[in-house]
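One structure below.
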Amino acid sequence: SNVRLFRTYGFTQPPWREPCCSFRVWPSEARRIYAEFLPARARKTSMDLETNRVDSTTLFVLQACASQGGDPSLFLRSLCCSFLDRYLGDTILAPALTRYRASRPEAPREAHWWPRDAAGGDPEQSEEELGESSAGTAAAGATGSVDPRLRRCAVRVKMCEFLCLTAHVEALDLESGAKSEAECLAMSSELRSKLA
């Protein structure tokens, strides 16, 4: 995922080449939810959420939740929704989130959020628009000049995290019967079977 690539190597790849999405839950960023659902022994455990597998850290935390009589699904939903709210308010992500929302009615199983050339041109060329929006420029103006490549990496990483969280919520929706597979990202369907 772009999250892991950037964290480990300092670069990202175009989103259409990304094999999976991921998100790391730091306990310090989820204290309230951890305290509500987890026993003390699990409250300092970071969780790695992945769309292509259930990481051992996630399995440990979900089992710890269940061991004290908690509902692991409610815990995971609360956690993901809490973080999703932060992304929805991120001005740098606004153009990408707008494109993502616009693409869902046409292709609800796909996670398209990058600019697309209406003429069917090179997606690499149209992706150069990432981070060049007025929201990205305004944010850069407030903090100084930001390299467009770094801004593009930031958008790719944040959207990777956003999609990972979204896929987890949708997988829970599928499991509960709140949504059908036709309404959810393809990665949500695959994740549902791994979380079950």
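Labeling convention for the structure tokens: chains A, B, ... as they appear, residues from 1 per chain, ligands from 1 in order of appearance.
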Please list as a VMD selection string every residue within 12 Å of Thr98 of chain A, counting only C-alpha atoms and excluding residues in the same chain fewer than 6 positions away.
chain A and resid 88 90 to 92 104 112 to 115 133 159
Please write the residues from the selection above to a file, keeping N, CA and C atoms, as a compact mmCIF listing (two decimals), in the first residue's frame.
```txt
# COMPACT_ATOMS: atom_id res chain seq x y z
N LEU A 88 -12.66 13.35 6.35
CA LEU A 88 -13.73 14.09 5.67
C LEU A 88 -13.57 15.59 5.85
N ASP A 90 -10.54 17.11 5.97
CA ASP A 90 -9.19 17.47 5.52
C ASP A 90 -9.29 18.23 4.20
N THR A 91 -8.91 19.52 4.21
CA THR A 91 -9.05 20.35 3.01
C THR A 91 -8.16 19.88 1.86
N ILE A 92 -7.01 19.30 2.16
CA ILE A 92 -6.13 18.82 1.09
C ILE A 92 -6.77 17.64 0.36
N ARG A 104 -18.65 6.90 -7.25
CA ARG A 104 -19.32 5.76 -6.60
C ARG A 104 -20.67 5.39 -7.22
N HIS A 112 -12.21 4.76 -7.36
CA HIS A 112 -11.58 5.80 -8.19
C HIS A 112 -11.70 7.15 -7.52
N TRP A 113 -10.56 7.79 -7.32
CA TRP A 113 -10.56 9.13 -6.73
C TRP A 113 -9.59 10.07 -7.42
N TRP A 114 -8.77 9.56 -8.32
CA TRP A 114 -7.78 10.38 -8.99
C TRP A 114 -8.39 11.04 -10.22
N PRO A 115 -7.81 12.15 -10.67
CA PRO A 115 -8.34 12.82 -11.87
C PRO A 115 -8.24 11.90 -13.07
N SER A 133 -4.89 21.64 -6.45
CA SER A 133 -6.16 22.34 -6.35
C SER A 133 -6.03 23.58 -5.50
N MET A 159 -5.49 9.09 1.05
CA MET A 159 -6.59 8.40 0.39
C MET A 159 -6.49 6.89 0.58
```
In segment 22-190 of chain A, what's strand (DSSP E) per DSSP? Answer as a list in words?
Ser22, Phe23, Arg24, Val25, Met47, Asp48, Leu49 and Glu50 of chain A
Selection near Pro39 of chain A, 8 Å with only C-alpha atoms, sequence-local residues under 2 positions removed, as a PDB file with N, CA and C atoms, in the first residue's frame:
```
ATOM      1  N   ALA A  35     -10.265   2.678  25.543  1.00  0.00           N
ATOM      2  CA  ALA A  35     -10.667   2.559  26.958  1.00  0.00           C
ATOM      3  C   ALA A  35     -12.075   1.992  27.093  1.00  0.00           C
ATOM      4  N   PHE A  37     -13.624  -0.130  24.990  1.00  0.00           N
ATOM      5  CA  PHE A  37     -13.815  -1.490  24.488  1.00  0.00           C
ATOM      6  C   PHE A  37     -12.750  -2.506  24.898  1.00  0.00           C
ATOM      7  N   ARG A  41      -4.608  -4.611  29.110  1.00  0.00           N
ATOM      8  CA  ARG A  41      -3.468  -5.271  28.452  1.00  0.00           C
ATOM      9  C   ARG A  41      -3.387  -4.997  26.952  1.00  0.00           C
ATOM     10  N   ALA A  42      -4.498  -4.590  26.349  1.00  0.00           N
ATOM     11  CA  ALA A  42      -4.511  -4.364  24.897  1.00  0.00           C
ATOM     12  C   ALA A  42      -4.519  -2.889  24.520  1.00  0.00           C
ATOM     13  N   ARG A  43      -4.595  -2.002  25.491  1.00  0.00           N
ATOM     14  CA  ARG A  43      -4.758  -0.570  25.195  1.00  0.00           C
ATOM     15  C   ARG A  43      -3.510   0.120  24.663  1.00  0.00           C
ATOM     16  N   ALA A  64      -9.025  -9.457  22.178  1.00  0.00           N
ATOM     17  CA  ALA A  64      -9.001  -8.850  23.512  1.00  0.00           C
ATOM     18  C   ALA A  64     -10.332  -8.175  23.821  1.00  0.00           C
ATOM     19  N   CYS A  65     -10.919  -7.535  22.831  1.00  0.00           N
ATOM     20  CA  CYS A  65     -12.226  -6.899  22.989  1.00  0.00           C
ATOM     21  C   CYS A  65     -13.275  -7.949  23.343  1.00  0.00           C
ATOM     22  N   GLN A  68     -13.360  -9.659  26.980  1.00  0.00           N
ATOM     23  CA  GLN A  68     -13.979  -8.981  28.124  1.00  0.00           C
ATOM     24  C   GLN A  68     -15.459  -8.716  27.878  1.00  0.00           C
TER      25      GLN A  68
END
```
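The nearest approach to Tyr100 of chain A among the residues A:Ala171, A:Thr57, A:Leu163, A:Gly69, with only C-alpha atoms taken into account, belongs to A:Leu163.
In terms of minimum interatomic distance to Glu106 of chain A, A:Glu183 ranks closest within A:Glu161, A:Glu183, A:Arg31, A:Val25, counting only C-alpha atoms.
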Alpha helix (DSSP H) residues, from DSSP on the backbone, in segment 42-133 of chain A, as a ChimeraX atom specification:
/A:56-67,72-88,94-103,123-126
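If you measure from each of A:Leu84, A:Ile33, A:Cys164, A:Leu38 to Gln63 of chain A using only C-alpha atoms, the closest one turns out to be A:Leu38.
Residue nearest Pro72 of chain A, chosen from A:Cys153, A:Ser193, A:Leu172, A:Tyr87 and counting only C-alpha atoms: A:Leu172.
Straight-line separation from atom CA of Leu5 of chain A to atom CA of Ala167 of chain A: 19.6 Å.
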